[in-house]
file my_file.pdb (PDB, C-alpha atoms)
ATOM      1  CA  MET A 140     104.344 -76.371 -57.922
ATOM      2  CA  THR A 141     104.195 -74.316 -61.111
ATOM      3  CA  ARG A 142     104.938 -70.579 -61.250
ATOM      4  CA  ALA A 143     101.351 -70.041 -62.436
ATOM      5  CA  HIS A 144      99.893 -71.757 -59.391
ATOM      6  CA  LYS A 145     102.165 -69.820 -57.053
ATOM      7  CA  GLN A 146     101.086 -66.587 -58.699
ATOM      8  CA  SER A 147      97.450 -67.701 -58.336
ATOM      9  CA  ASP A 148      98.044 -68.222 -54.626
ATOM     10  CA  ARG A 149      99.566 -64.774 -54.287
ATOM     11  CA  ASN A 150      96.584 -63.309 -56.108
ATOM     12  CA  GLU A 151      94.274 -65.161 -53.749
ATOM     13  CA  GLU A 152      96.077 -63.841 -50.676
ATOM     14  CA  THR A 153      95.794 -60.298 -52.045
ATOM     15  CA  THR A 154      92.095 -60.727 -52.767
ATOM     16  CA  GLU A 155      91.417 -62.218 -49.324
ATOM     17  CA  ASN A 156      92.763 -58.993 -47.815
ATOM     18  CA  PRO A 157      91.430 -56.329 -50.191
ATOM     19  CA  GLY A 158      91.873 -53.350 -47.903
ATOM     20  CA  PRO A 159      89.077 -50.784 -47.680
ATOM     21  CA  ALA A 160      85.519 -52.068 -47.925
ATOM     22  CA  GLY A 161      83.965 -52.150 -51.361
ATOM     23  CA  ARG A 162      87.164 -52.889 -53.287
ATOM     24  CA  GLN A 163      86.839 -56.662 -53.264
ATOM     25  CA  GLY A 164      84.137 -57.056 -55.914
ATOM     26  CA  GLY A 165      83.869 -60.163 -58.079
ATOM     27  CA  ARG A 166      87.434 -61.288 -57.393
ATOM     28  CA  GLY A 167      86.611 -61.561 -53.695
ATOM     29  CA  THR A 168      83.574 -63.724 -54.425
ATOM     30  CA  ALA A 169      85.622 -66.013 -56.681
ATOM     31  CA  SER A 170      88.313 -66.232 -54.011
ATOM     32  CA  ALA A 171      85.761 -67.170 -51.353
ATOM     33  CA  VAL A 172      84.347 -69.929 -53.537
ATOM     34  CA  GLN A 173      87.865 -71.193 -54.258
ATOM     35  CA  SER A 174      88.660 -71.231 -50.533
ATOM     36  CA  VAL A 175      85.525 -73.243 -49.776
ATOM     37  CA  ASP A 176      86.393 -75.670 -52.550
ATOM     38  CA  ARG A 177      89.902 -76.106 -51.181
ATOM     39  CA  ALA A 178      88.617 -76.583 -47.620
ATOM     40  CA  VAL A 179      86.319 -79.372 -48.811
ATOM     41  CA  SER A 180      89.268 -80.863 -50.703
ATOM     42  CA  VAL A 181      91.278 -80.890 -47.460
ATOM     43  CA  LEU A 182      88.525 -82.897 -45.774
ATOM     44  CA  GLU A 183      88.449 -85.321 -48.694
ATOM     45  CA  ILE A 184      92.233 -85.730 -48.561
ATOM     46  CA  LEU A 185      92.112 -86.540 -44.849
ATOM     47  CA  ALA A 186      89.197 -88.924 -45.378
ATOM     48  CA  ARG A 187      91.207 -90.704 -48.080
ATOM     49  CA  HIS A 188      94.538 -90.897 -46.247
ATOM     50  CA  GLY A 189      93.407 -91.010 -42.640
ATOM     51  CA  GLU A 190      95.956 -88.332 -41.720
ATOM     52  CA  ALA A 191      98.321 -86.001 -43.542
ATOM     53  CA  GLY A 192     100.779 -83.209 -42.844
ATOM     54  CA  VAL A 193     100.701 -79.646 -44.115
ATOM     55  CA  THR A 194     103.268 -80.363 -46.835
ATOM     56  CA  GLU A 195     101.328 -83.376 -48.150
ATOM     57  CA  ILE A 196      98.088 -81.427 -48.211
ATOM     58  CA  ALA A 197      99.722 -78.442 -49.918
ATOM     59  CA  ASP A 198     101.188 -80.737 -52.578
ATOM     60  CA  GLU A 199      97.834 -82.390 -53.289
ATOM     61  CA  LEU A 200      96.106 -79.025 -53.504
ATOM     62  CA  ASP A 201      99.025 -77.578 -55.463
ATOM     63  CA  VAL A 202      99.181 -74.514 -53.205
ATOM     64  CA  HIS A 203     101.719 -72.863 -50.888
ATOM     65  CA  LYS A 204     102.140 -74.411 -47.451
ATOM     66  CA  SER A 205     100.943 -71.128 -45.948
ATOM     67  CA  THR A 206      97.632 -71.482 -47.797
ATOM     68  CA  ALA A 207      97.235 -75.087 -46.666
ATOM     69  CA  PHE A 208      98.097 -74.071 -43.098
ATOM     70  CA  ARG A 209      95.449 -71.314 -43.154
ATOM     71  CA  LEU A 210      92.809 -73.725 -44.406
ATOM     72  CA  LEU A 211      93.695 -76.273 -41.736
ATOM     73  CA  GLY A 212      93.571 -73.565 -39.078
ATOM     74  CA  VAL A 213      90.020 -72.574 -40.014
ATOM     75  CA  LEU A 214      88.878 -76.193 -40.136
ATOM     76  CA  GLU A 215      90.558 -76.916 -36.812
ATOM     77  CA  ASN A 216      88.826 -73.951 -35.183
ATOM     78  CA  ARG A 217      85.485 -75.384 -36.293
ATOM     79  CA  GLY A 218      86.358 -78.858 -34.998
ATOM     80  CA  LEU A 219      86.353 -80.393 -38.467
ATOM     81  CA  VAL A 220      90.026 -81.396 -38.291
ATOM     82  CA  ALA A 221      92.379 -82.081 -35.390
ATOM     83  CA  GLN A 222      96.139 -82.373 -35.097
ATOM     84  CA  ALA A 223      98.193 -85.176 -33.616
ATOM     85  CA  LYS A 224     100.639 -83.060 -31.639
ATOM     86  CA  ASP A 225     103.289 -85.779 -31.425
ATOM     87  CA  ARG A 226     103.404 -86.296 -35.218
ATOM     88  CA  GLY A 227     102.210 -82.966 -36.568
ATOM     89  CA  LYS A 228      99.702 -84.773 -38.777
ATOM     90  CA  TYR A 229      96.098 -83.694 -39.227
ATOM     91  CA  TYR A 230      93.063 -85.958 -39.229
ATOM     92  CA  LEU A 231      89.275 -85.538 -39.385
ATOM     93  CA  GLY A 232      87.897 -84.063 -36.178
ATOM     94  CA  ALA A 233      84.831 -84.776 -34.081
ATOM     95  CA  GLY A 234      82.925 -81.995 -35.851
ATOM     96  CA  VAL A 235      82.723 -84.157 -38.955
ATOM     97  CA  LEU A 236      81.159 -86.934 -36.886
ATOM     98  CA  ARG A 237      78.632 -84.482 -35.507
ATOM     99  CA  LEU A 238      77.609 -83.398 -39.007
ATOM    100  CA  ALA A 239      77.586 -86.956 -40.292
ATOM    101  CA  GLY A 240      75.530 -88.047 -37.303
ATOM    102  CA  ALA A 241      72.911 -85.376 -37.960
ATOM    103  CA  ALA A 242      72.668 -86.443 -41.598
ATOM    104  CA  ALA A 243      72.530 -90.117 -40.601
ATOM    105  CA  VAL A 244      69.661 -89.493 -38.196
ATOM    106  CA  ARG A 245      67.602 -87.872 -40.938
ATOM    107  CA  LEU A 246      68.473 -90.631 -43.357
ATOM    108  CA  ASP A 247      67.655 -93.356 -40.822
ATOM    109  CA  ILE A 248      64.301 -91.820 -39.912
ATOM    110  CA  SER A 249      63.395 -91.451 -43.576
ATOM    111  CA  GLN A 250      64.276 -95.077 -44.275
ATOM    112  CA  GLU A 251      62.712 -96.533 -41.141
ATOM    113  CA  GLY A 252      59.662 -94.331 -41.499
ATOM    114  CA  VAL A 253      58.665 -95.485 -44.969
ATOM    115  CA  PRO A 254      56.710 -98.629 -43.953
ATOM    116  CA  VAL A 255      55.216 -96.917 -40.899
ATOM    117  CA  CYS A 256      53.977 -93.903 -42.851
ATOM    118  CA  ARG A 257      52.610 -95.990 -45.691
ATOM    119  CA  GLU A 258      50.719 -98.267 -43.319
ATOM    120  CA  VAL A 259      49.083 -95.352 -41.508
ATOM    121  CA  ALA A 260      48.328 -93.513 -44.768
ATOM    122  CA  ASP A 261      46.696 -96.622 -46.225
ATOM    123  CA  GLU A 262      44.737 -97.246 -43.054
ATOM    124  CA  LEU A 263      43.460 -93.694 -42.497
ATOM    125  CA  GLY A 264      43.483 -92.477 -46.086
ATOM    126  CA  GLU A 265      45.203 -89.237 -45.091
ATOM    127  CA  THR A 266      48.628 -87.650 -45.621
ATOM    128  CA  VAL A 267      51.339 -88.780 -43.200
ATOM    129  CA  ASN A 268      54.564 -86.817 -42.682
ATOM    130  CA  ILE A 269      57.724 -87.108 -40.640
ATOM    131  CA  ALA A 270      59.250 -83.798 -39.592
ATOM    132  CA  VAL A 271      62.499 -82.919 -37.830
ATOM    133  CA  LEU A 272      63.675 -79.745 -36.163
ATOM    134  CA  ASP A 273      65.545 -77.365 -38.446
ATOM    135  CA  ASP A 274      66.680 -74.377 -36.395
ATOM    136  CA  ASP A 275      63.429 -72.504 -35.677
ATOM    137  CA  ALA A 276      61.173 -74.541 -37.970
ATOM    138  CA  ALA A 277      60.022 -78.074 -38.700
ATOM    139  CA  VAL A 278      61.065 -79.587 -42.023
ATOM    140  CA  ASN A 279      59.214 -82.539 -43.548
ATOM    141  CA  ILE A 280      61.601 -85.286 -44.643
ATOM    142  CA  MET A 281      59.181 -88.126 -45.408
ATOM    143  CA  GLN A 282      55.645 -88.200 -46.758
ATOM    144  CA  ALA A 283      53.066 -90.816 -47.660
ATOM    145  CA  ARG A 284      49.651 -90.069 -49.114
ATOM    146  CA  GLY A 285      46.495 -92.036 -48.447
ATOM    147  CA  THR A 286      43.708 -92.756 -50.896
ATOM    148  CA  ALA A 287      41.594 -89.865 -49.654
ATOM    149  CA  SER A 288      44.399 -87.296 -49.955
ATOM    150  CA  VAL A 289      44.692 -87.140 -53.746
ATOM    151  CA  THR A 290      44.350 -83.361 -53.703
ATOM    152  CA  ALA A 291      46.559 -82.805 -50.664
ATOM    153  CA  GLN A 292      49.534 -80.488 -50.786
ATOM    154  CA  ASN A 293      53.045 -81.779 -51.107
ATOM    155  CA  TRP A 294      54.690 -81.009 -47.762
ATOM    156  CA  LEU A 295      57.924 -82.857 -48.480
ATOM    157  CA  GLY A 296      60.934 -80.622 -47.919
ATOM    158  CA  ARG A 297      58.847 -77.709 -46.656
ATOM    159  CA  ARG A 298      59.873 -75.769 -43.556
ATOM    160  CA  THR A 299      56.819 -75.078 -41.427
ATOM    161  CA  PRO A 300      56.420 -72.903 -38.314
ATOM    162  CA  LEU A 301      56.747 -74.631 -34.963
ATOM    163  CA  HIS A 302      53.911 -72.800 -33.220
ATOM    164  CA  ALA A 303      51.289 -73.316 -35.937
ATOM    165  CA  THR A 304      51.722 -77.000 -36.861
ATOM    166  CA  SER A 305      51.109 -80.219 -34.971
ATOM    167  CA  SER A 306      54.625 -81.537 -35.689
ATOM    168  CA  GLY A 307      56.104 -78.194 -34.720
ATOM    169  CA  LYS A 308      54.282 -78.195 -31.391
ATOM    170  CA  VAL A 309      55.560 -81.677 -30.619
ATOM    171  CA  LEU A 310      59.138 -80.663 -31.411
ATOM    172  CA  LEU A 311      58.744 -77.394 -29.528
ATOM    173  CA  ALA A 312      57.281 -79.125 -26.471
ATOM    174  CA  HIS A 313      60.241 -81.508 -26.194
ATOM    175  CA  MET A 314      63.144 -79.163 -26.886
ATOM    176  CA  PRO A 315      65.405 -77.896 -24.049
ATOM    177  CA  PRO A 316      63.545 -75.265 -21.963
ATOM    178  CA  THR A 317      66.068 -72.483 -22.551
ATOM    179  CA  LEU A 318      65.890 -72.961 -26.314
ATOM    180  CA  ARG A 319      62.093 -73.173 -26.237
ATOM    181  CA  GLU A 320      61.776 -69.997 -24.175
ATOM    182  CA  GLY A 321      64.075 -68.196 -26.580
ATOM    183  CA  LEU A 322      61.739 -69.071 -29.450
ATOM    184  CA  LEU A 323      58.610 -68.167 -27.471
ATOM    185  CA  ALA A 324      60.088 -64.772 -26.676
ATOM    186  CA  ARG A 325      59.995 -63.861 -30.348
ATOM    187  CA  SER A 326      57.075 -62.276 -32.150
ATOM    188  CA  LEU A 327      55.168 -65.235 -33.569
ATOM    189  CA  PRO A 328      53.433 -64.690 -36.922
ATOM    190  CA  ARG A 329      49.700 -65.219 -37.284
ATOM    191  CA  PHE A 330      48.574 -67.309 -40.275
ATOM    192  CA  THR A 331      44.843 -67.544 -39.524
ATOM    193  CA  GLU A 332      42.544 -66.214 -36.823
ATOM    194  CA  ARG A 333      43.061 -69.493 -34.962
ATOM    195  CA  THR A 334      46.876 -69.323 -34.837
ATOM    196  CA  VAL A 335      48.124 -69.254 -31.250
ATOM    197  CA  THR A 336      50.658 -66.444 -31.002
ATOM    198  CA  GLY A 337      50.620 -65.664 -27.273
ATOM    199  CA  ALA A 338      53.478 -67.210 -25.298
ATOM    200  CA  THR A 339      51.338 -67.936 -22.210
ATOM    201  CA  MET A 340      48.656 -69.813 -24.129
ATOM    202  CA  LEU A 341      51.260 -71.623 -26.208
ATOM    203  CA  ARG A 342      53.122 -72.773 -23.089
ATOM    204  CA  ALA A 343      49.894 -74.268 -21.772
ATOM    205  CA  GLU A 344      49.348 -76.091 -25.064
ATOM    206  CA  LEU A 345      52.892 -77.453 -25.049
ATOM    207  CA  GLU A 346      52.410 -78.782 -21.515
ATOM    208  CA  ALA A 347      49.291 -80.568 -22.759
ATOM    209  CA  VAL A 348      51.261 -81.998 -25.697
ATOM    210  CA  VAL A 349      53.737 -83.607 -23.302
ATOM    211  CA  GLU A 350      50.984 -84.851 -20.993
ATOM    212  CA  GLN A 351      48.679 -86.335 -23.632
ATOM    213  CA  GLY A 352      51.428 -87.544 -25.965
ATOM    214  CA  TYR A 353      50.398 -85.716 -29.115
ATOM    215  CA  GLY A 354      50.010 -82.262 -30.623
ATOM    216  CA  LEU A 355      46.963 -80.970 -32.444
ATOM    217  CA  THR A 356      46.216 -78.067 -34.778
ATOM    218  CA  VAL A 357      42.941 -77.124 -36.426
ATOM    219  CA  GLU A 358      43.123 -74.370 -39.048
ATOM    220  CA  GLU A 359      46.127 -72.733 -37.357
ATOM    221  CA  LEU A 360      48.407 -72.797 -40.395
ATOM    222  CA  GLU A 361      45.824 -72.892 -43.172
ATOM    223  CA  LEU A 362      42.058 -72.614 -43.210
ATOM    224  CA  GLY A 363      40.462 -75.994 -43.751
ATOM    225  CA  LEU A 364      43.509 -77.973 -42.579
ATOM    226  CA  ALA A 365      43.739 -80.099 -39.435
ATOM    227  CA  ALA A 366      46.617 -82.248 -38.206
ATOM    228  CA  VAL A 367      47.739 -84.354 -35.284
ATOM    229  CA  ALA A 368      51.337 -85.382 -34.503
ATOM    230  CA  ALA A 369      53.179 -87.618 -32.055
ATOM    231  CA  PRO A 370      56.834 -87.723 -30.984
ATOM    232  CA  VAL A 371      59.466 -90.078 -32.370
ATOM    233  CA  ARG A 372      62.256 -90.948 -29.949
ATOM    234  CA  ALA A 373      65.835 -92.121 -30.404
ATOM    235  CA  HIS A 374      67.425 -94.939 -28.415
ATOM    236  CA  ASP A 375      68.199 -92.546 -25.537
ATOM    237  CA  GLY A 376      64.624 -91.298 -25.299
ATOM    238  CA  LYS A 377      65.317 -87.939 -26.920
ATOM    239  CA  VAL A 378      62.583 -86.710 -29.271
ATOM    240  CA  ILE A 379      64.204 -86.498 -32.689
ATOM    241  CA  ALA A 380      61.168 -86.159 -34.953
ATOM    242  CA  ALA A 381      57.404 -85.990 -35.134
ATOM    243  CA  ILE A 382      55.049 -88.116 -37.200
ATOM    244  CA  SER A 383      51.829 -86.419 -38.249
ATOM    245  CA  VAL A 384      48.538 -87.126 -39.968
ATOM    246  CA  SER A 385      46.897 -84.210 -41.762
ATOM    247  CA  GLY A 386      43.806 -83.660 -43.827
ATOM    248  CA  PRO A 387      40.802 -81.395 -44.371
ATOM    249  CA  VAL A 388      38.741 -80.454 -41.334
ATOM    250  CA  TYR A 389      35.602 -82.025 -42.793
ATOM    251  CA  ARG A 390      37.337 -85.408 -42.579
ATOM    252  CA  LEU A 391      39.510 -84.770 -39.517
ATOM    253  CA  ASN A 392      36.617 -83.422 -37.458
ATOM    254  CA  ALA A 393      35.968 -83.508 -33.713
ATOM    255  CA  ASP A 394      34.414 -86.969 -33.936
ATOM    256  CA  ARG A 395      37.325 -88.523 -35.810
ATOM    257  CA  LEU A 396      40.334 -86.704 -34.313
ATOM    258  CA  PRO A 397      40.545 -88.852 -31.142
ATOM    259  CA  GLU A 398      40.799 -92.016 -33.266
ATOM    260  CA  VAL A 399      43.417 -90.417 -35.532
ATOM    261  CA  ALA A 400      45.386 -89.156 -32.533
ATOM    262  CA  LYS A 401      45.437 -92.645 -31.014
ATOM    263  CA  ARG A 402      46.671 -94.152 -34.281
ATOM    264  CA  THR A 403      49.305 -91.434 -34.690
ATOM    265  CA  VAL A 404      50.662 -92.011 -31.175
ATOM    266  CA  ALA A 405      50.857 -95.743 -31.905
ATOM    267  CA  ALA A 406      52.733 -95.014 -35.147
ATOM    268  CA  GLY A 407      55.156 -92.790 -33.251
ATOM    269  CA  ALA A 408      55.793 -95.617 -30.792
ATOM    270  CA  VAL A 409      56.439 -98.088 -33.618
ATOM    271  CA  LEU A 410      58.869 -95.743 -35.360
ATOM    272  CA  SER A 411      60.579 -95.012 -32.033
ATOM    273  CA  ARG A 412      61.167 -98.738 -31.551
ATOM    274  CA  ARG A 413      62.577 -98.936 -35.043
ATOM    275  CA  MET A 414      64.973 -96.143 -34.064
ATOM    276  CA  GLY A 415      66.121 -98.166 -31.042
ATOM    277  CA  TYR A 416      63.936 -96.741 -28.284
ATOM    278  CA  GLY A 417      62.770 -99.215 -25.661
ATOM    279  CA  PHE A 418      65.440-101.862 -26.247
TER     280      PHE A 418
END
call {"tool": "encode", "arguments": {"input": "my_file.pdb", "output": "structure tokens"}}
result
Amino acid sequence: MTRAHKQSDRNEETTENPGPAGRQGGRGTASAVQSVDRAVSVLEILARHGEAGVTEIADELDVHKSTAFRLLGVLENRGLVAQAKDRGKYYLGAGVLRLAGAAAVRLDISQEGVPVCREVADELGETVNIAVLDDDAAVNIMQARGTASVTAQNWLGRRTPLHATSSGKVLLAHMPPTLREGLLARSLPRFTERTVTGATMLRAELEAVVEQGYGLTVEELELGLAAVAAPVRAHDGKVIAAISVSGPVYRLNADRLPEVAKRTVAAGAVLSRRMGYGF
């Protein structure tokens, strides 16, 4: 290790502990970014070698062993690395698998959902989306537009409220009760005069979603917009996404919604089978 790098490490340690608040400034921000970069590098080193000791990691990072040890300690506390006590080597922890699994689920649904969404969009002429839970919102990860939806909004990548969207209601209805009640206890924003913001009424709607197999919204998020969504299940039966069909209320009216709901539920069943459910 060069004298310059050792001095850089000493500077970093000083900046990480700047003393009284307000004295860290730009150097603290740079140090934080550098620490994140080094932590990611540690994960890459372990992914490349399978396992490595503190000295090996410090050498590859060109830092003091104390710095490498601190980085490993933080990563170990978060479950991203683990230590083989008999050898003193570190390896990637179960937390990495958890993160990778979450990313893989989204990727798999997006890939498997392409033909399903396109078929439904072509058949109904409306916009079809797949949404997954993202903390306290639904995020759209796949979209297909039908011939009639040329002026429809682009929902891809958008986070939408759970209580005011058909996909959100499906995800909300199937989440663990304690988590759902925590969300219902919050003050829910009103987007239109038809948005359901009362917890009691919303609970009743969510019970109906589970019973009938789909969620429905009419002008609850935006005036003129209607949507229906159905659950998508993983191999273990857990609801991992919602597939929805949306369009203007003059097309998705009371006469047509039952037909669209039936088709959406069927699409959800097909995508669930593609995700391993029912085998």
call {"tool": "closest_residue", "arguments": {"input": "my_file.pdb", "among": "A:Glu251, A:Glu215, A:Asp176, A:Glu265", "to": "Ser411 in chain A", "atoms": "all atoms listed in the file"}}
result
A:Glu251
call {"tool": "resolve_selection", "arguments": {"input": "my_file.pdb", "expression": "the PyMOL selection byres ((chain A and resi 378-389) around 6)", "output": "JSON, numbers by chain"}}
result
{"A": [265, 266, 267, 268, 269, 270, 271, 306, 363, 364, 365, 366, 367, 368, 369, 370, 371, 372, 377, 390, 391, 392]}
call {"tool": "closest_residue", "arguments": {"input": "my_file.pdb", "among": "A:Glu320, A:Ala287, A:Val193, A:Leu210", "to": "Ala178 in chain A", "atoms": "all atoms listed in the file"}}
result
A:Leu210
call {"tool": "closest_residue", "arguments": {"input": "my_file.pdb", "among": "A:Leu219, A:Val404, A:Ala233, A:Val179", "to": "Val348 in chain A", "atoms": "all atoms listed in the file"}}
result
A:Val404
call {"tool": "resolve_selection", "arguments": {"input": "my_file.pdb", "expression": "the PyMOL selection byres ((chain A and resi 181) around 10)", "output": "CSV table (one decimal) with C-alpha atoms, in the frame of the given file"}}
result
chain,number,residue,atom,x,y,z
A,175,VAL,CA,85.5,-73.2,-49.8
A,176,ASP,CA,86.4,-75.7,-52.6
A,177,ARG,CA,89.9,-76.1,-51.2
A,178,ALA,CA,88.6,-76.6,-47.6
A,179,VAL,CA,86.3,-79.4,-48.8
A,180,SER,CA,89.3,-80.9,-50.7
A,182,LEU,CA,88.5,-82.9,-45.8
A,183,GLU,CA,88.4,-85.3,-48.7
A,184,ILE,CA,92.2,-85.7,-48.6
A,185,LEU,CA,92.1,-86.5,-44.8
A,186,ALA,CA,89.2,-88.9,-45.4
A,187,ARG,CA,91.2,-90.7,-48.1
A,191,ALA,CA,98.3,-86.0,-43.5
A,196,ILE,CA,98.1,-81.4,-48.2
A,197,ALA,CA,99.7,-78.4,-49.9
A,199,GLU,CA,97.8,-82.4,-53.3
A,200,LEU,CA,96.1,-79.0,-53.5
A,207,ALA,CA,97.2,-75.1,-46.7
A,210,LEU,CA,92.8,-73.7,-44.4
A,211,LEU,CA,93.7,-76.3,-41.7
A,214,LEU,CA,88.9,-76.2,-40.1
A,220,VAL,CA,90.0,-81.4,-38.3
A,229,TYR,CA,96.1,-83.7,-39.2
A,230,TYR,CA,93.1,-86.0,-39.2
A,231,LEU,CA,89.3,-85.5,-39.4
call {"tool": "residues_around", "arguments": {"input": "my_file.pdb", "residues": "Pro254 in chain A", "least_positions_apart": "4", "cutoff": "12 Å", "atoms": "only C-alpha atoms", "output": "compact mmCIF listing (two decimals) with C-alpha atoms, keeping the file's coordinate frame"}}
result
# COMPACT_ATOMS: atom_id res chain seq x y z
CA ILE A 248 64.30 -91.82 -39.91
CA SER A 249 63.40 -91.45 -43.58
CA GLN A 250 64.28 -95.08 -44.28
CA GLU A 258 50.72 -98.27 -43.32
CA VAL A 259 49.08 -95.35 -41.51
CA ALA A 260 48.33 -93.51 -44.77
CA ASP A 261 46.70 -96.62 -46.22
CA VAL A 267 51.34 -88.78 -43.20
CA MET A 281 59.18 -88.13 -45.41
CA GLN A 282 55.64 -88.20 -46.76
CA ALA A 283 53.07 -90.82 -47.66
CA ALA A 406 52.73 -95.01 -35.15
CA VAL A 409 56.44 -98.09 -33.62
CA LEU A 410 58.87 -95.74 -35.36
CA ARG A 413 62.58 -98.94 -35.04
call {"tool": "residues_around", "arguments": {"input": "my_file.pdb", "residues": "Ala277 in chain A", "least_positions_apart": "2", "cutoff": "10 Å", "atoms": "only C-alpha atoms", "output": "JSON, numbers by chain"}}
result
{"A": [269, 270, 271, 272, 273, 274, 275, 279, 280, 296, 297, 298, 299, 300, 301, 302, 304, 305, 306, 307, 308, 309, 310, 311, 380, 381]}
call {"tool": "closest_residue", "arguments": {"input": "my_file.pdb", "among": "A:Ala408, A:Thr356, A:Ala347, A:Gly192", "to": "Ala393 in chain A", "atoms": "only C-alpha atoms"}}
result
A:Thr356
call {"tool": "closest_residue", "arguments": {"input": "my_file.pdb", "among": "A:Lys228, A:Ala405, A:Thr334, A:Gln173", "to": "Val357 in chain A", "atoms": "all atoms listed in the file"}}
result
A:Thr334
call {"tool": "atom_distance", "arguments": {"input": "my_file.pdb", "atom1": "CA of Val278 in chain A", "atom2": "CA of Ala303 in chain A"}}
result
13.1 Å
call {"tool": "resolve_selection", "arguments": {"input": "my_file.pdb", "expression": "the PyMOL selection byres ((chain A and resi 416) around 7)", "output": "list in words"}}
result
Arg372, Ala373, His374, Asp375, Gly376, Ser411, Arg412, Met414, Gly415, Gly417 and Phe418 of chain A
call {"tool": "residues_around", "arguments": {"input": "my_file.pdb", "residues": "Ser326 in chain A", "least_positions_apart": "6", "cutoff": "10 Å", "atoms": "all atoms listed in the file", "output": "list in words"}}
result
Thr336, Gly337 and Ala338 of chain A
call {"tool": "write_last_selection", "arguments": {"input": "my_file.pdb", "atoms": "C-alpha atoms", "output": "short mmCIF file (atom, residue, chain, number, x, y, z; two decimals), in the frame of the given file"}}
result
data_model
loop_
_atom_site.label_atom_id
_atom_site.label_comp_id
_atom_site.auth_asym_id
_atom_site.auth_seq_id
_atom_site.Cartn_x
_atom_site.Cartn_y
_atom_site.Cartn_z
CA THR A 336 50.66 -66.44 -31.00
CA GLY A 337 50.62 -65.66 -27.27
CA ALA A 338 53.48 -67.21 -25.30
#
call {"tool": "atom_distance", "arguments": {"input": "my_file.pdb", "atom1": "CA of Pro315 in chain A", "atom2": "CA of Gly234 in chain A"}}
result
21.5 Å
